[in-house]
Each structure stands twice: as structure tokens, then as C-alpha cells.
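S.K.: One structure coming up, written as C-alpha cells, with questions to follow.
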Number of protein chains: 2
Amino acid sequence: MIRGSFRGWAVAAAWGIIMGATLQVHSDEGMWLFNQPPVKVLKERYGFEPTSEWLNHLQRASVRFNSGGSGSFVSPNGLVMTNHHVAADMLQKISTEQNNYLNNGFHAKHPSEEIKAKDLELNVLMSIEDVTARVNAAVTASMSPAEAFAARRKIMDEIEKESLEKTGLRSDVVTLYQGGVYHLYRFKKYTDVRLVFAPEKDIAFFGGDPDNFEYPRFCLDICFFRVYENDQPAKVEHYLSWSKEGCADGDLIFVSGHPGRTSRMYTVAHLEYLRDHSMPFILNYLRRMEVLLKTYGERSEENMRRAQDDLFGIQNSRKARLGGLAGLQDPVLFKNKRTAEDYLRKQIDSDPKMREQYGSAWDDVAKTLEAAKGIIRDYHLLERGLAFQGDHFSIARHLVRYAEESNKPSPDRLREYRLSNLESLKLGLFSDAPVYDDLEIVKLGDSLSMLMEMMPQAELTHKVLDGKSPKARAAELIRHSKLKDVAERKRLFDGGSAAIDASNDPMIKLAKLVDDEARRIRKQFEEQVEEPQRQAYAKLAKAHFAVFGDKVYPDATFTLRLAFGQVKGYEEEGRFISAMTQLGGTYEHSAKHGGKDPFKLPQRWIDRKHAINPRTPFNFVSTADIIGGNSGSPVVNTKGEVVGIIFDGNIHSLVLDYAFTDVQARAVSVHSAAIIEALRKVYDANDLADELTRGQAASR
Amino acid sequence: MIRGSFRGWAVAAAWGIIMGATLQVHSDEGMWLFNQPPVKVLKERYGFEPTSEWLNHLQRASVRFNSGGSGSFVSPNGLVMTNHHVAADMLQKISTEQNNYLNNGFHAKHPSEEIKAKDLELNVLMSIEDVTARVNAAVTASMSPAEAFAARRKIMDEIEKESLEKTGLRSDVVTLYQGGVYHLYRFKKYTDVRLVFAPEKDIAFFGGDPDNFEYPRFCLDICFFRVYENDQPAKVEHYLSWSKEGCADGDLIFVSGHPGRTSRMYTVAHLEYLRDHSMPFILNYLRRMEVLLKTYGERSEENMRRAQDDLFGIQNSRKARLGGLAGLQDPVLFKNKRTAEDYLRKQIDSDPKMREQYGSAWDDVAKTLEAAKGIIRDYHLLERGLAFQGDHFSIARHLVRYAEESNKPSPDRLREYRLSNLESLKLGLFSDAPVYDDLEIVKLGDSLSMLMEMMPQAELTHKVLDGKSPKARAAELIRHSKLKDVAERKRLFDGGSAAIDASNDPMIKLAKLVDDEARRIRKQFEEQVEEPQRQAYAKLAKAHFAVFGDKVYPDATFTLRLAFGQVKGYEEEGRFISAMTQLGGTYEHSAKHGGKDPFKLPQRWIDRKHAINPRTPFNFVSTADIIGGNSGSPVVNTKGEVVGIIFDGNIHSLVLDYAFTDVQARAVSVHSAAIIEALRKVYDANDLADELTRGQAASR
């Protein structure tokens with residue numbers, strides 16, 4: 001299916017630069033920085049020139065969900081639109097055995113009914129400042145990797161602290177172009193976030209795992225929140241107006257959101273490492289979790305309710321990674337990547353000065369991959385916590401580490417315990433989201449079993465298991481721990497090292513037991529893999545600049561980006577797949593699968609079938625360059641009006657991690673018209689529909 | 001759950017011998033040979049002495065399903081009873097999109113309606129002859145492992161051929177006691193096997209994967225076939241009568257069936273190898289297949305129909321292996337095994353002669369494990385065919401290999417192509433069971449992807465993929481192969497090497513491409529692992545004989561065995577679980593799970609609820625020592641009458657592969673009374689019920 005589709009790849013092989021330098025840009029490639037928009041391409045390709053006001057408005061109307069996703073302001077009263085699946089984690093946390101908001105949906109008929117999220121932080125990017133020179137000045141050539149790492153961290157922390165103190169805004173120094181550029185991002189932060197509306201899971205995720213990453217689709221994957229300040233709906237200056245018409249086939253559209261992570265500058269060796277080592281390891285882990293959670297969930301409806309958000313996430317990752325691996329296993333991708341790499345190396349090698357400065361970049365990367373092979377498994381198990389899955393251990397580790405780190409000056413701390421992150425840390429740590437002992441035991445038991453499988457001879461494994469079987473040990477740890485109690489967490493947090501040292505909580509003791517080894521492996525990973533890799537890619541980035549100039553976009557890093565493209569169908573196995581689906585098709589799709597789960601429609605949709613205009617556009621695909629993290633991104637027209645919301649990519653788009661293609665790869669969105677039609681005709685939510693469409697008058 | 005339950009383990013550590021030598025036998029341990037029945041134990045423990053007539057009758061009424069399972073004759077007219085799940089493969093093969101017998105069940109109201117199975121072979125053990133001396137005489141001390149292997153194979157083949165010619169019966173030399181003993185088994189073979197009755201999958205496998213290996217249970221896991229000779233129902237002399245009362249709590253019962261494989265004599269190092277290498281590898285593979293098949297199946301009902309038999313098998317293996325691994329990961333098991341091993345080694349070491357003869361056994365085993373670590377992955381991928389899943393490759397390989405092997409004298413051939421196996425080979429190869437291209441592509445695509453993950457640098461991998469991605473290559477291979485056509489298979493089979501060499505079928509070419517390497521790795525595995533392991537365990541077996549005497553049973557090898565035990569409940573987490581469930585409980589269990597799949601009852605069961613006596617015993621547990629392969633085994637009382645049929649073990653029994661325990665481990669059976677009640681009251685199958693119970697008069 002994938003083969004032969006990648007004539008876009010040569011373009012993408014190095015941020016689309018080779019083609020940019022040698023030919024015209026022919027594709028809708030790019031996850032562009034708002035302060036480096038693709039002005040030239042847009043003008044040449046579409047005759048459209050975004051103004052700085054247009055860009056500034058879209059930027060400030062864009063919202064980042066810190067839990068991993070995107071959204072936008074869609075009314076002056078702090079109304080935020082995102083995907084149901086971005087909100088799923090939060091919906092799960094406020095749900096109980098009695099009120100399953102994740103499955104059954106929710107609609108606050110009045111602001112007083114809006115439900116406060118448990119631990120949700122939204123960020124709005126207010127300004128971007130280039131601090132590359134200041135960061136680079138702090139790192140000298142004579143420093144060892146470890147010293148360079150520490151020095152860079154120190155200066156980044158100083159810049160962040162300075163900025164926070166000066167502006168009161170959340171301030172993050174973000175690394176772009178693999179360390180080629182450092183920007184200071186200042187965010188307005190919202191932590192009082194309340195649920196306004198969610199549809200039923202059965203229509204939000206209609207078609208479930210079988211339809212995930214497929215097209216045509218019929219999903220109302222939306223959710224509305226409202227941000228509050230001082231217990232009042234926040235007044236926001238920049239919000240997106242609603243398009244009266246929505247978009248149509250062939251339209252130019254823009255996507256403003258937070259693509260999570262791409263690896264398009266990776267060397268061929270690095271892609272091979274991903275294909276042959278990293279991906280198989282992660283996929284084995286994901287399949288393991290999928291089977292575990294499914295087995296647990298199938299034992300009862302309540303079990304499934306408890307596990308389903310985790311399960312969706314795991315299934316989604318599994319499908320996404322399988323798609324990525326399929327891309328990496330296509331020899332055509334490697335051929336194109338190799339061609340691009342050979343071309344660049346030849347350019348660099350042909351100039352003695354460039355050769356001296358950048359020529360070692362590829363070998364430098366290769367060295368870090370060799371180092372990674374020896375470390376990565378233990379790093380995942382012990383530091384990333386794969387061997388200790390569940391909320392209990394994660395809470396215990398934070399408490400244990402915070403007690404130790406809080407005794408140090410902020411810049412010397414592990415990154416997640418610095419002052420700049422303190423509020424976010426506490427938001428998660430003191431959340432009263434439910435923790436289910438039975439599910440915790442299942443997860444931890446399996447993790448400990450995996451630890452025993454992977455490190456059977458390690459002394460640490462035996463200490464962790466304490467002479468018991470993994471399942472028995474997990475049950476003992478969870479049953480005797482008090483960390484489910486938020487007050488106990490606060491007591492240990494506030495009590496510092498003394499409280500931690502005095503604690504007899506078995507989970508705290510476990511976190512202490514593994515901490516030395518986990519920190520050691522983290523340090524090793526940072527010094528032998530992360531930092532030298534960062535340096536090697538910074539070198540490679542400079543090599544790119546030197547050869548191709550700097551009019552290119554950096555790999556995605558969960559920072560705000562602007563993508564663009566056309567509403568456009570595609571060919572698959574000789575069949576043309578239209579860009580748009582319609583509401584009426586939903587019922588046919590359900591009937592074709594016997595109306596059975598996950599193709600079962602909510603009762604409300606069945607009851608209101610005749611009230612709905614079946615010709616209303618429902619979902620559509622476009623060529624915009626998006627990836628995980630873009631979920632919930634607004635799709636706007638040239639007037640900056642909402643015409644849809646991103647919620648998925650098709651199966652062909654899963655390779656976009658590594659290379660752009662717009663032959664078959666498509667972003668999948670909910671159409672703005674379907675949202676209004678569903679709110680009015682299915683959910684009797686005229687209030688909400690009015691709040692959205694009233695903005696049309698304010699359209700600029 | 002498992003921990004602390006294994007006071008039976010010291011007994012089991014070495015075929016239950018240590019306790020046997022030093023203490024009284026206290027447990028219902030043992031999978032006994034019919035020619036070495038546990039007469040003493042039965043007499044001492046239960047005051048029962050089986051006569052040789054009793055044993056002979058039970059032996060000849062027992063049936064082996066060559067596809068992997070057990071059964072029994074239950075009427076003089078060739079009626080065979082087994083499990084629905086043993087028959088599932090066959091039910092799948094005769095099903096179509098229109099007639100889904102696997103899901104919907106079947107009942108032939110008249111013999112003329114009975115449906116012929118596509119490729120089912122049943123065996124009945126007619127006689128056992130000890131040929132150990134003759135086999136051992138062919139192997140001399142001066143032979144290398146490879147020579148010894150060849151010599152032993154040769155003599156076994158000679159014995160089999162001689163016997164076949166003399167008696168016309170299928171003749172297999174079976175290896176017992178890890179090579180300590182060789183017996184010649186002669187079987188009467190039935191290949192005209194017809195389906196008489198199957199219940200719906202929803203009641204046969206009620207509770208599905210969540211309830212699998214759990215208890216209490218409510219499953220009618222039965223299926224009836226009839227064997228034919230000369231197109232007439234076969235007249236069988238030995239069949240089991242039906243018990244009028246069935247069994248009750250505390251009753252002594254017997255199980256006659258074919259336990260597949262136990263590893264109770266394994267050394268501690270070998271168990272560690274299983275725990276740390278073998279099991280994690282296999283479980284990763286099983287989870288991979290489970291997710292693959294489930295994902296495929298969830299796309300439509302027809303997909304699920306096509307995949308479900310494979311999927312059940314995979315899920316069942318996954319759960320069984322997880323249970324086995326949980327047992328192996330319990331430190332108590334290893335402690336007991338180590339104690340037993342230390343004891344035996346001490347005995348051997350204390351006698352210079354025994355030390356010289358047997359003392360190296362443990363190190364010999366350890367050496368084979370080291371060798372296995374280097375070979376096993378490629379062996380699984382290339383020789384066992386994990387890299388080429390699906391029917392197409394399996395057919396192609398048989399054709400390619402048969403063409404080559406058939407040019408050699410029978411004893412020199414790979415075992416599966418010898419004359420003695422020719423009929424069984426052809427039965428499978430020329431079966432017209434449906435082969436679904438879409439499912440074949442999904443399976444093969446994923447296998448090739450796995451090959452690329454595991455052997456990315458191998459030249460063979462690149463040759464296999466032929467410059468395409470795994471999925472594209474799989475689609476090309478399946479779409480262009482003609483092997484779905486049975487006539488084409490016959491043509492290639494009959495055409496021999498010339499036909500194979502001339503074939504342009506891409507699947508034949510693929511099988512040829514990998515054959516050299518697959519044969520090489522098989523040879524390496526046989527010479528460095530299998531054969532030296534066989535010799536080491538033969539040595540170990542002799543060490544056991546020397547120290548403990550020979551009144552012990554051999555590890556299971558899918559040969560007929562007699563187990564015994566009591567109908568008996570057990571404690572779990574402080575709760576007592578009764579031995580018996582009743583038909584009425586089925587409805588409560590369904591209601592508790594909202595009547596949703598897999599707890600949905602067939603409509604017929606809902607309609608007939610009030611016709612059924614709810615107090616009828618449905619399933620029961622016993623302490624009999626059983627394992628996979630025993631599925632479908634008849635459970636009989638001291639009179640040799642059917643009181644039930646084995647269909648499962650509980651979760652605690654999954655460790656029986658490695659060690660016996662009867663603290664919580666239980667065999668799970670369908671009660672004979674439930675079978676009659678369901679046949680009469682739910683299925684209106686009085687004819688069948690009469691055929692079963694008429695035998696009561698003939699009871700001996």
C-alpha cells in the first residue's frame with residue numbers, strides 16, 4: 001500500500017531542503033514556526049500572504065493542552081475547543097461508577113453546571129524570543145559533554161527564572177533544530193479549566209480501534225472546556241470566529257497546533273536504529289499493555305470503564321507505531337533518505353572548512369546509537385518506569401525525588417523539579433483523580449514480571465521482588481501503601497527529606513530502593529546519548545544551514561506550529577477516496593457493521609436521525625503536515641475562521657514522523673458544519689452553538 | 001495468588017519421586033502409562049484396584065485427535081465425544097460465510113446429515129511394546145551426537161516400518177522418560193470422521209477469554225463425531241458406558257487422555273532458561289498474533305469469523321503461558337526444585353560409579369541451553385516458520401521438501417516425510433479447508449515484518465523481501481500464488497522435483513529460497529540442542545532410576561496416560577470454591593455481566609430456560625493431574641462409566657507443566673448429567689442422548 005507513494009520523500013529527507021535548494025517547492029510540507037512562517041511558499045503556491053496580525057491572532061487563539069494535545073479559543077468567554085480524545089484522560093478522571101462522562105458525554109446547560117477538571121493545565125503562547133546566542137555563549141568548546149549539558153541547563157534555567165520573575169508568565173526555553181536554535185517561549189497559563197460539553201464516546205470515537213487512522217470516517221471527536229480566572233469565565237481577546245460555510249473540496253486551510261515530535265533530520269543510521277531496535281522494543285511493550293488492559297477490561301463493565309482511557313491510548317500508540325514502522329520498513333524510504341544524506345555529506349566533504357566543522361556529525365550520531373543500545377532497556381525499565389507501571393509508583397518517585405531535589409538550588413535540580421515546573425508538578429501530584437487498587441495491582445504485577453523477564457539476574461530485581469512472585473509483591477505493595485490519600489501525599493511533600501526518611505510506606509521504600517540505579521542510568525543516558533546526540537544534530541543542523549540556507553522548519557517538539565494544505569481526496573488501491581464524508585453516511589457505516597460495538601451509535605443519534613440534515617459535511621481530509629500532538633488543532637480558512645478541527649491522520653500519514661509525503665498521507669478533521677448541526681439537532685445545545693456562531697459577527 | 005500454594009512441589013520436583021522414596025505418596029500426582037498403572041497408590045490411597053480388563057477397555061475406548069486433543073468412544077456405533085474447542089479447527093474448516101457451524105452449532109438429525117471433516121485423523125492405541133533394548137543397541141558409545149541421532153532415527157524408522165507392514169496399524173516408536181525408554185505404539189487409525197453435534201460457541205466457550213482457566217465455570221464444551229469405515233458407521237468393541245448418576249463431591253475419578261507435554265524433570269538451569277528466554281520470546285510472539293488477529297477480526301463480522309479459531313488458540317496459549325511463567329517466576333518453585341536437584345546430585349556424587357555414569361547430566365543440559373540461546377530465534381523464524389505464517393507457505397514448504405525428500409529412502413528423510421507419515425501429510429496437504437487471501441496477507445505481512453525486525457541485516461531477509469516492504473511483498477506473494485487450488489497442490493506433489501523446479505509460483509520459489517538456511521538451522525538445532533539434550537536427560541532419567549527406583553511416570557509426550565483424583569473444591573483468597581456448578585448458575589453468571597459478549601447466552605438457552613432443571617450439575621473440578629492435550633478426555637468412575645469430560649484447568653493448574661500440586665490446581669470438566677440435560681431439553685437431541693445412555697445397559 002505504501003510503496004511507490006513517496007515521491008515527496010526526497011523533499012522531506014532533510015526538512016524539505018534539498019528540493020528547496022534545487023527545485024521549486026511542490027508540496028504542502030512543513031510545521032512552521034509562527035515567527036518564521038512559510039510566506040514565500042504560500043504566496044507562490046496559493047497566492048496568499050498572511051499578515052502579522054493574522055498570524056498573531058491565530059497564535060494567541062491557539063491553546064496547548066499540557067497533557068498532550070491542542071485546542072483553540074472559540075468565544076470571547078474563554079470557551080476552548082479540543083478533541084474528545086484529548087479530553088479523554090480528564091473525562092476519565094472526573095468519571096465514577098455512577099457517572100461515566102467519558103462514555104455517556106456531558107452538557108452543562110448553565111455555567112454553574114460546568115465541572116472542574118482535576119489536573120489540567122492549558123497554555124497560550126504570548127511571545128517568542130531568540131536566546132540562541134546567550135545559550136551558546138554559556139557552552140565552550142573545551143567542556144566535556146557532561147559539563148556542556150550542565151552549563152546549558154543552567155543558563156536555560158536562569159533565562160526561564162529571569163523571565164518568570166519579570167513577566168509572571170510561564171517561561172520555557174525550547175530547543176529547536178536539534179539544538180541549532182533556542183527560543184524563549186512565554187505562556188499565559190490557565191489551571192481552572194471546566195468541562196462544558198462532551199459527546200458520547202460511541203460517536204466521538206465511532207469505529208473505535210478498527211477505524212482509527214482509517215478513512216472515510218464519521219467521528220464527532222470534539223469536546224468543549226471553559227477557562228476561568230478568579231472563578232469567572234476568562235475574557236479572552238483572541239478567539240477564532242466560526243466560518244459560516246465551512247470549507248469545501250480544494251480549499252486552502254491552515255492548522256495551528258502542537259505537533260509532538262518528528263524525526264525528519266535523523267541520519268540513516270538513526271532511522272535504522274529506530275526500525276531495528278527502538279520500534280520493536282516499544283511495540284512489544286505496547287502489545288503487552290494492550291493485551292493486559294483488554295484482558296482486565298473484559299472481566300466486567302466496571303473494569304472496562306476503569307481501563308478504557310489507558311487502553312485507547314495504548315491502542316492508538318500501537319497503531320501509530322505500526323504505521324511508522326511500516327514506513328521505516330519500506331526500502332523506498334531508506335533509498336530516498338540515503339540519497340539525501342549522500343548529497344549533503346558530499347557537499348560538506350567538498351569544502352575543507354565545512355568538513356572540519358560538520359563532517360563528523362554522522363559518525364557522532366552513530367556513536368550515540370551504539371551507546372544507546374547498551375543502556376536503553378534499563379533506562380526504559382528503571383528511569384522511565386516501565387518496570388513500575390501505575391499511579392502509585394509515579395507518585396512515590398516524585399515525592400522521593402522532590403524531597404532530595406528541593407534541597408538543591410533550582411538550576412541544579414533534575415529538570416522536572418525546578419521552580420519553573422513546581423506548579424505543574426503539584427497539579428499532578430495532588431490530583432484527586434481516582435486510583436483503582438485492582439487495576440494498579442494488575443499493572444504493577446505485570447511490570448514487575450517484565451522486570452524479572454528482562455533483568456532476571458540483576459541484584460536490584462531480587463531486592464525489588466523481596467522473595468515474592470511479581471503478582472504477590474505487587475498486591476502487597478499496593479494494598480499497604482497510603483499514597484492513594486492526597487493528604488498523605490501533601491504531608492510527605494511538605495515534610496521533605498525527614499518525612500520521606502521516616503516513611504514506612506512500602507511504595508516510598510520501593511521508590512527509594514530503585515532511585516540510585518535509576519538516577520545512574522539516567523545520567524549515563526544523558527551523558528552518552530542525549531547530550532552528544534544533541535551536539536551532533538546541532539552540528540548537522542548547521543551543516544544544513546551552511547548548504548541550504550535557513551528558510552526551513554525545525555522538527556516538531558510540541559511547540560506551536562503552523563501547517564497548511566488543501567482539502568483533497570486521494571487514491572487507494574485504485575479507488576478514489578473523496579475528501580468529505582456526510583452525517584448521513586454515519587448511519588450507513590453503522591448498519592454495515594451490524595450496529596455492533598464499536599460501530600454502535602448512541603441512542604440519541606438514532607432517535608434524532610430524521611432531524612439531522614444528512615448532507616451536512618462530517619469529516620474531511622487535507623494535505624496539511626500534522627502529527628500526534630496536533631489533535632484538537634483548529635483548522636482555519638484564509639480569513640482565520642474555524643472550518644474544522646484536526647482529530648486524526650490516515651494510515652499513510654503515520655510515516656510523517658520521518659518524512660513528509662502528500663501523495664496519500666492526509667490529516668483528518670471534523671467539519672465545522674457538523675459540529676453546529678450536531679449541537680443543535682442531536683444535543684439541543686443551542687446555547688453552545690450560539691456562543692460559537694455569534695463570533696461570526698466579530699469575524700475580522 | 002499462587003504463592004504459598006505449593007507444598008506439593010517437593011513431591012513433584014522430580015516426577016514425584018523424592019517423596020515416593022522417602023515418604024508416603026500423599027497426592028493424586030501422575031500421568032501414568034497404561035502398561036505401568038499406579039496400582040499401589042490407588043490401592044493405598046483409595047482402596048481401588050483396576051483390573052487389566054478395566055485398563056484395556058478404557059485404553060481402547062480412548063481416542064487421540066491427531067490435531068491435538070483427546071476423546072472417547074461413547075457408543076457401539078463409532079460415536080466419539082470430545083470438546084468443542086478440540087473440534088474448533090475442524091468446525092472452522094467446514095464453515096462458510098453462510099453456515100457458521102463454529103458459532104451456531106450443528107445437529108445431524110440423521111446419520112445422512114453428518115458432515116465429513118476435512119482433514120481429521122483419529123487414533124486408538126491398540127498395543128504397547130517395549131523396544132528400548134533394540135533402539136539402544138543401535139547406538140554405540142563411540143558415536144558422535146549427530147551419528148547417534150541418525151542411528152536412533154534409523155532403527156526407530158525400521159521398527160515402525162516393520163510393524164506397519166506386519167500389522168497394517170499406524171506404528172510409532174515413542175520416546176519416554178526423556179529417552180530412558182522407547183515404546184512401540186500401534187494405533188488403529190480413522191480418517192473418515194463426521195460431525196454429529198456441536199453446541200453454539202457462546203455456550204461451549206461461555207465466558208470466553210475472561211473466564212478461560214478460571215473457576216467456577218459454566219461451559220458446555222462438548223462436540224460429537226462419528227467415525228466411519230467403508231462409508232458405514234464403524235462398529236467399535238470398546239466404548240464407554242454412560243453413568244446414570246454422574247459423579248459427586250469426593251468421588252474418585254479417572255482421566256484417560258493425551259497430555260501434550262510436561263517438563264517436570266527439567267533441571268533448574270533449564271527452568272531458568274524457560275523463564276528468562278523461551279517464555280518471554282513466545283509470549284511476545286503470542287501477544288503480537290493476538291493483537292494482529294483481533295485487529296483484523298474487529299474490522300467486520302466476516303473477518304472475525306475467519307480469524308476466530310486462530311484467535312482462540314492464540315489467546316488460550318497466551319493465558320496458559322502467562323500462568324506457566326507466573327509459576328516459574330515464583331521463587332518458591334525454584335527453591336523446591338533446587339532442593340530436589342541438590343538432593344539427587346548429592347546422592348549421585350556420593351557414589352563414584354553413579355557419579356561417573358550420570359554426574360555430568362546437569363552440565364550436559366546446561367551446555368545445550370547455551371547452544372540454544374544462539375540458535376533458537378532463527379530456528380523459530382525459519383524452520384518453525386514464524387517468519388512465514390499462513391497456509392500458503394506451509395503448503396509450499398511441504399511441497400518443496402517432499403519433492404526433495406521423496407528421492408531418498410524413507411529412513412533418511414526428514415521425519416515428517418517418511419512413509420509412516422505419508423497419509424497424514426497428504427490429509428493436511430490436500431485438505432480443501434478454505435484459505436482466505438486477505439487473512440493470509442495480514443499474517444504473512446506481519447511475519448515478514450517480524451523477520452525484518454529480528455534479522456534486519458541478514459542477506460536472506462533482503463532476498464525474501466525482494467526490495468519491497470513486508471506488506472507489499474506479502475500481498476504480491478499471496479495474490480500471485482496458485483496454491484489455494486488443491487488440484488495445483490496435487491499436481492506439484494505428484495510431479496516431484498521436476499514439477500517443483502519448473503514452478504513459477506512465487507510461494508514455491510520463496511519456500512525454495514529459504515530452505516537451505518532453514519535446513520541448516522534445523523540440523524544445527526538437532527545436533528547441538530535436541531540430541532545432546534535427549535542424551536543428557538536420558539542420563540538424568542537413569543540417575544533417577546538408580547536413586548529412586550523405576551515406579552514413576554514419564555513426562556507427558558502426547559501419548560495415552562491415566563490420571564486419577566478426587567472431585568474436590570479448593571480455597572482461593574480465603575474463599576472456598578465448591579467443586580460443582582449447576583445449570584441454573586449459567587443464567588446468573590450471564591446476568592452479572594449484563595448478558596454481553598462473551599457472557600451472552602445462545603437464544604436457544606434463553607428460550608429453554610424453564611425447561612431445564614437448574615440443579616443439574618454443570619461443571620466440576622477434580623485433582624486429576626492433567627494438562628493441555630487432555631482436552632476432551634473422558635472422566636470415568638471406578639466402573640469405567642463416563643461421568644464427565646475434561647475441558648480446562650484452573651489458573652493454578654497452569655504450573656503443572658513444571659511441577660505437580662493439588663493444593664489449588666484443578667482439572668475442570670463438564671458433568672455427564674449436564675450433557676444429557678442439554679441434549680434433551682435445549683437441543684431436542686433425544687436421539688443422541690438415547691444413543692449415549694442406551695450404553696448404560698451394556699455397562700460392565
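Every chain in the C-alpha cells has a letter given in the order shown (A, B, ...), and although residue numbers restart at 1 in each chain, ligands are simply numbered from 1 in the order shown.
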Contacts of stretch 610-612 of chain B at 10 Å or less, counting only C-alpha atoms, minus same-chain residues fewer than 3 places along, as an mmCIF file with N, CA, C and O atoms, in the first residue's frame?

M.R.:
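Final output, saved to selection_13.cif:
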data_model
loop_
_atom_site.group_PDB
_atom_site.id
_atom_site.type_symbol
_atom_site.label_atom_id
_atom_site.label_comp_id
_atom_site.auth_asym_id
_atom_site.auth_seq_id
_atom_site.Cartn_x
_atom_site.Cartn_y
_atom_site.Cartn_z
ATOM 1 N N LEU B 583 -26.501 -25.941 36.281
ATOM 2 C CA LEU B 583 -27.002 -25.289 35.064
ATOM 3 C C LEU B 583 -27.634 -23.933 35.358
ATOM 4 O O LEU B 583 -27.449 -22.968 34.609
ATOM 5 N N GLY B 584 -28.369 -23.852 36.482
ATOM 6 C CA GLY B 584 -29.041 -22.592 36.819
ATOM 7 C C GLY B 584 -28.078 -21.425 36.982
ATOM 8 O O GLY B 584 -28.412 -20.282 36.681
ATOM 9 N N TRP B 605 -30.823 -21.208 24.597
ATOM 10 C CA TRP B 605 -30.675 -21.383 26.043
ATOM 11 C C TRP B 605 -31.581 -20.435 26.806
ATOM 12 O O TRP B 605 -32.067 -20.757 27.885
ATOM 13 N N ILE B 606 -31.799 -19.258 26.255
ATOM 14 C CA ILE B 606 -32.707 -18.299 26.894
ATOM 15 C C ILE B 606 -34.141 -18.824 26.768
ATOM 16 O O ILE B 606 -34.889 -18.877 27.752
ATOM 17 N N ASP B 607 -34.492 -19.284 25.565
ATOM 18 C CA ASP B 607 -35.853 -19.785 25.330
ATOM 19 C C ASP B 607 -36.181 -21.000 26.196
ATOM 20 O O ASP B 607 -37.311 -21.171 26.639
ATOM 21 N N ARG B 615 -30.892 -27.380 38.950
ATOM 22 C CA ARG B 615 -29.989 -28.026 39.915
ATOM 23 C C ARG B 615 -29.069 -29.050 39.254
ATOM 24 O O ARG B 615 -28.255 -29.670 39.932
ATOM 25 N N THR B 616 -29.214 -29.283 37.968
ATOM 26 C CA THR B 616 -28.340 -30.252 37.285
ATOM 27 C C THR B 616 -26.888 -29.806 37.402
ATOM 28 O O THR B 616 -26.567 -28.659 37.095
ATOM 29 N N ALA B 674 -25.164 -32.843 32.800
ATOM 30 C CA ALA B 674 -25.462 -31.614 32.055
ATOM 31 C C ALA B 674 -25.529 -31.892 30.564
ATOM 32 O O ALA B 674 -26.331 -31.298 29.840
ATOM 33 N N GLU B 677 -28.924 -33.463 29.951
ATOM 34 C CA GLU B 677 -29.989 -32.468 30.169
ATOM 35 C C GLU B 677 -30.022 -31.461 29.006
ATOM 36 O O GLU B 677 -31.100 -31.144 28.489
ATOM 37 N N ALA B 678 -28.855 -31.012 28.573
ATOM 38 C CA ALA B 678 -28.809 -30.030 27.483
ATOM 39 C C ALA B 678 -29.266 -30.667 26.169
ATOM 40 O O ALA B 678 -30.048 -30.079 25.417
ATOM 41 N N ARG B 680 -31.308 -33.118 25.704
ATOM 42 C CA ARG B 680 -32.755 -33.371 25.683
ATOM 43 C C ARG B 680 -33.573 -32.084 25.751
ATOM 44 O O ARG B 680 -34.518 -31.910 24.988
ATOM 45 N N LYS B 681 -33.202 -31.183 26.678
ATOM 46 C CA LYS B 681 -34.083 -30.058 26.978
ATOM 47 C C LYS B 681 -33.794 -28.820 26.129
ATOM 48 O O LYS B 681 -34.682 -28.015 25.880
ATOM 49 N N VAL B 682 -32.539 -28.651 25.734
ATOM 50 C CA VAL B 682 -32.212 -27.451 24.958
ATOM 51 C C VAL B 682 -32.178 -27.751 23.463
ATOM 52 O O VAL B 682 -32.669 -26.976 22.652
#

S.K.: Please provide the set of residues having any atom within 10 Å of stretch 316-321 of chain A, restricted to only C-alpha atoms, with same-chain residues fewer than 4 positions apart removed, written as an MDAnalysis selection string.

M.R.: (chainID A and resid 208:210 212:213 279:280 282:287 289:290 310:312 325:327 627:628 649:651 653:655 657) or (chainID B and resid 291 295)

S.K.: Could you give me, as a ChimeraX atom specification, each residue of stretch 97-279 of chain A that DSSP assigns to strand (DSSP E or B) when run on this structure's backbone?

M.R.: /A:106-107,115-116,122-130,170-176,181-190,192-198,223-229,232-233,242,252-257

S.K.: Write out as a PDB file with C-alpha atoms, in the first residue's frame the residues lying within 9 Å of B:Val74, counting only C-alpha atoms and excluding same-chain residues fewer than 6 positions away.

M.R.:
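Saved file out_2.pdb follows:
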ATOM      1  CA  ALA B  61     -12.201 -46.620  24.255  1.00  0.00           C
ATOM      2  CA  VAL B  80     -16.824 -40.061  19.601  1.00  0.00           C
ATOM      3  CA  MET B  81     -17.079 -37.387  22.266  1.00  0.00           C
ATOM      4  CA  HIS B 238     -14.688 -50.801  23.317  1.00  0.00           C
ATOM      5  CA  TYR B 239     -16.806 -47.778  24.122  1.00  0.00           C
ATOM      6  CA  LEU B 240     -17.614 -46.122  27.424  1.00  0.00           C
ATOM      7  CA  SER B 241     -20.988 -46.543  29.073  1.00  0.00           C
ATOM      8  CA  TRP B 242     -22.733 -43.502  30.444  1.00  0.00           C
ATOM      9  CA  VAL B 642     -18.482 -41.631  31.762  1.00  0.00           C
ATOM     10  CA  GLU B 691     -27.507 -43.359  21.930  1.00  0.00           C
ATOM     11  CA  LEU B 692     -25.318 -42.282  24.852  1.00  0.00           C
ATOM     12  CA  GLY B 695     -24.964 -47.877  26.674  1.00  0.00           C
TER      13      GLY B 695
END

S.K.: Can you list, as a list in words, every protein, DNA or RNA residue that comes within 8 Å of stretch 506-508 of chain A when you count only C-alpha atoms, leaving out same-chain residues fewer than 5 positions away?

M.R.: His392, Phe393, Ala396, Arg397, Leu399, Val400, Leu477, Ile478, His480, Ser481, Leu483 and Ile500 of chain A

S.K.: Please identify every residue of chain A that has at least one atom no more than 6 Å from any atom of chain B, counting only C-alpha atoms, and report them as a count of residues only.

M.R.: 7

S.K.: Here is a test: counting only C-alpha atoms, which residue of A:Leu560, A:Leu656, A:Ala88, A:Ala536 is nearest to A:Ala624?

M.R.: A:Leu656

S.K.: Provide the atom CA of A:Asn630 to atom CA of A:Gly71 distance in Å, to one decimal place.

M.R.: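 Atom-to-atom, atom CA of A:Asn630 to atom CA of A:Gly71, that is 8.6 Å.
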
S.K.: Tell me which protein, DNA and RNA residues are within 6 Å of A:Met580, counting only C-alpha atoms, leaving out same-chain ones fewer than 2 positions away, and put them as number ranges by chain.

M.R.: A: 578, 619-620

S.K.: Identify, on the basis of only C-alpha atoms, every residue whose closest approach to B:Leu444 does not exceed 6 Å; exclude the query and any residue fewer than 3 positions from it along the same chain; express the result as a ChimeraX atom specification.

M.R.: /B:388-389,440-441,447,474

S.K.: Can I get the selection written as a CSV table (one decimal), in the first residue's frame, with C-alpha atoms?

M.R.:
chain,number,residue,atom,x,y,z
B,388,PHE,CA,6.1,-17.0,7.1
B,389,GLN,CA,2.8,-17.5,8.9
B,440,GLU,CA,-3.2,-14.7,4.6
B,441,ILE,CA,-1.8,-11.3,3.6
B,447,SER,CA,5.5,-12.3,9.8
B,474,ALA,CA,3.1,-10.4,1.3
